[in-house]
Amino acid sequence: MRSRKLTLAGALQLRASIYALIRSFFATRNVLEVETPILSAAGNSEPNIQSFTTRFSGHVDAGEAQRWLRTSPEYPLKRLLAAGIGDCYELGRVFRNGEAGGRHNPEFTMLEWYRVGWDHRRLMEETITLVEAALAMVGRRAEVHIVSYRQLFLDELGIDPLHAPIDELRAPLAEYSIDPAGLTRDDWLDLLITHRLQPAFSRDCITVIHDYPATQCALAKIRAGDPPLAERFELYLGQHEVANGYHELNDADEQRIRFERDQTTRRERGLSESPLDHRLLATLDEMPDAAGVAMGIERLLMCLADTNAIADVLAIPFHEA
């Protein structure tokens with residue numbers, strides 16, 4: 001076993017404490033804890049996320065043999081919203097193939113919750129409150145900085161991310177010798193965040209970025225305007241991205257178009273495709289207006305433990321499993 005910044009017992013106790021805090025946090029707010037399938041007949045179409053697959057060997061009447069391990073509980077949770085369950089959350093394991101390293105483990109824990117009748121701005125505030133409660137649990141506090149995506153780029157880089165040409169986006173990254181082949185405008189914007197903006201975030205600051213370019217909408221609603229914006233936010237604690245939230249899209253036709261666009265991108269990149277979640281699409285129009293957010297528990301634990309190594313907050317990391 002590798003040396004740890006935390007003892008094994010300390011890491012396990014910290015995790016147990018944050019689980020207890022989360023469950024108490026939502027119990028007092030009447031948000032229902034639910035459990036949804038880990039194996040699905042549909043996979044994630046997002047080009048930057050790869051899924052694990054397995055096969056069911058039982059009777060064919062049980063359903064499709066090919067199954068995908070979930071990369072998040074988002075799709076079944078939205079089906080529960082469409083069924084009228086109301087405010088709900090899930091705390092459980094998710095799986096992403098190929099994601100292993102100092103800050104990534106292919107198997108990790110995700111907290112995802114939904115608030116009916118809320119938008120992303122209101123959910124931002126609740127997410128901040130939960131993170132502040134987690135910090136208080138270990139005797140820490142943090143300043144809160146809320147900024148729009150556009151204003152962050154203007155303030156820190158002097159670049160308008162919604163209008164600047166790609167050459168202007170590439171210029172601050174010249175020192176990194178990045179191969180530009182196949183990189184899109186959104187790829188360059190992401191690189192500016194990870195290479196230039198994120199490293200400057202203060203350890204004792206909760207940074208919340210909201211209202212992203214419409215091209216980065218994923219499963220979020222797009223707000224009309226000049227230019228239109230995705231009603232999305234990301235929360236960072238120090239330099240760690242901890243949570244990603246949306247004012248959720250509940251238009252099945254538009255969601256199908258986005259899924260199919262993802263599949264086209266996957267084909268162009270030579271990536272495998274998985275079946276679209278037709279059960280989600282069949283019920284999405286019935287989903288009430290809601291906001292949802294996913295939080296990486298290991299990322300939060302890393303911040304609480306003041307470590308950059310995800311192995312420090314795992315009982316047993318992937319390479320030792």
# chains A, B, ... in the order shown; residues from 1 in each chain; ligands from 1
call {"tool": "closest_atom_pairs", "arguments": {"of": "region 231-276 of chain A", "to": "region 196-212 of chain A", "cutoff": "8 Å", "atoms": "only C-alpha atoms", "output": "CSV"}}
result
residue,atom,partner,partner_atom,distance
A:Glu231,CA,A:Asp211,CA,5.1
A:Arg232,CA,A:Asp211,CA,5.4
A:Phe233,CA,A:His210,CA,4.2
A:Glu234,CA,A:Ile209,CA,5.4
A:Leu235,CA,A:Val208,CA,4.4
A:Tyr236,CA,A:Thr207,CA,5.0
A:Leu237,CA,A:Ile206,CA,4.7
A:Gly238,CA,A:Arg203,CA,3.8
A:Gln239,CA,A:Phe201,CA,5.4
A:His240,CA,A:Gln198,CA,7.9
call {"tool": "write_last_selection", "arguments": {"atoms": "C-alpha atoms", "output": "CSV table (one decimal), in the first residue's frame"}}
result
chain,number,residue,atom,x,y,z
A,231,GLU,CA,-28.1,27.8,-17.8
A,232,ARG,CA,-25.3,25.9,-16.2
A,233,PHE,CA,-22.8,26.3,-13.3
A,234,GLU,CA,-19.6,24.7,-12.0
A,235,LEU,CA,-18.4,25.0,-8.4
A,236,TYR,CA,-14.7,24.9,-7.6
A,237,LEU,CA,-13.3,24.5,-4.1
A,238,GLY,CA,-9.8,25.8,-4.3
A,239,GLN,CA,-8.4,24.4,-7.6
A,240,HIS,CA,-10.7,21.4,-7.6
call {"tool": "residues_around", "arguments": {"residues": "region 68-72 of chain A", "least_positions_apart": "6", "cutoff": "10 Å", "atoms": "only C-alpha atoms", "output": "ChimeraX atom specification"}}
result
/A:36-44,49-55,90,92-97,106-112,274-275,294
call {"tool": "residues_around", "arguments": {"residues": "Met137 (chain A)", "least_positions_apart": "5", "cutoff": "10 Å", "atoms": "only C-alpha atoms", "output": "NGL selection string"}}
result
:A and (14 or 17-18 or 21 or 131-132 or 304)
call {"tool": "write_last_selection", "arguments": {"atoms": "N, CA and C atoms", "output": "mmCIF file, in the first residue's frame"}}
result
data_model
loop_
_atom_site.group_PDB
_atom_site.id
_atom_site.type_symbol
_atom_site.label_atom_id
_atom_site.label_comp_id
_atom_site.auth_asym_id
_atom_site.auth_seq_id
_atom_site.Cartn_x
_atom_site.Cartn_y
_atom_site.Cartn_z
ATOM 1 N N LEU A 14 -13.409 10.169 7.602
ATOM 2 C CA LEU A 14 -13.797 11.391 6.908
ATOM 3 C C LEU A 14 -14.919 11.118 5.917
ATOM 4 N N SER A 17 -18.161 10.522 7.732
ATOM 5 C CA SER A 17 -18.681 11.782 8.272
ATOM 6 C C SER A 17 -19.366 12.616 7.194
ATOM 7 N N ILE A 18 -18.773 12.648 5.998
ATOM 8 C CA ILE A 18 -19.393 13.450 4.934
ATOM 9 C C ILE A 18 -20.678 12.802 4.462
ATOM 10 N N LEU A 21 -23.242 13.790 6.995
ATOM 11 C CA LEU A 21 -23.591 15.201 6.809
ATOM 12 C C LEU A 21 -24.549 15.383 5.633
ATOM 13 N N VAL A 131 -21.346 22.762 0.626
ATOM 14 C CA VAL A 131 -19.880 22.772 0.676
ATOM 15 C C VAL A 131 -19.391 23.515 1.918
ATOM 16 N N GLU A 132 -20.049 24.616 2.260
ATOM 17 C CA GLU A 132 -19.677 25.348 3.477
ATOM 18 C C GLU A 132 -19.877 24.478 4.718
ATOM 19 N N LEU A 304 -11.151 18.608 1.590
ATOM 20 C CA LEU A 304 -11.251 18.590 3.048
ATOM 21 C C LEU A 304 -9.968 18.056 3.682
#
call {"tool": "select_by_dssp", "arguments": {"residues": "region 58-222 of chain A", "states": "strand (DSSP E or B)", "output": "JSON, numbers by chain"}}
result
{"A": [66, 67, 68, 69, 88, 89, 90, 91, 92, 93, 94, 95, 97, 107, 108, 109, 110, 111, 112, 113, 114, 115, 116, 143, 144, 145, 146, 147, 148, 205, 206, 207, 208, 209, 210, 211, 212, 213, 220, 222]}
call {"tool": "atom_distance", "arguments": {"atom1": "CA of Arg79 (chain A)", "atom2": "CA of Ile222 (chain A)"}}
result
20.9 Å
call {"tool": "residues_around", "arguments": {"residues": "Thr265 (chain A)", "least_positions_apart": "6", "cutoff": "12 Å", "atoms": "only C-alpha atoms", "output": "list in words"}}
result
Ser45, Glu46, Pro47, Asn48, Gly182, Thr184, Arg258, Phe259, Leu271, Ser272 and Glu273 of chain A
call {"tool": "closest_residue", "arguments": {"among": "A:Leu191, A:Ile159, A:Leu280, A:Ala16", "to": "Pro73 (chain A)", "atoms": "only C-alpha atoms"}}
result
A:Leu280
call {"tool": "atom_distance", "arguments": {"atom1": "CA of Met287 (chain A)", "atom2": "CA of Asn250 (chain A)"}}
result
6.0 Å
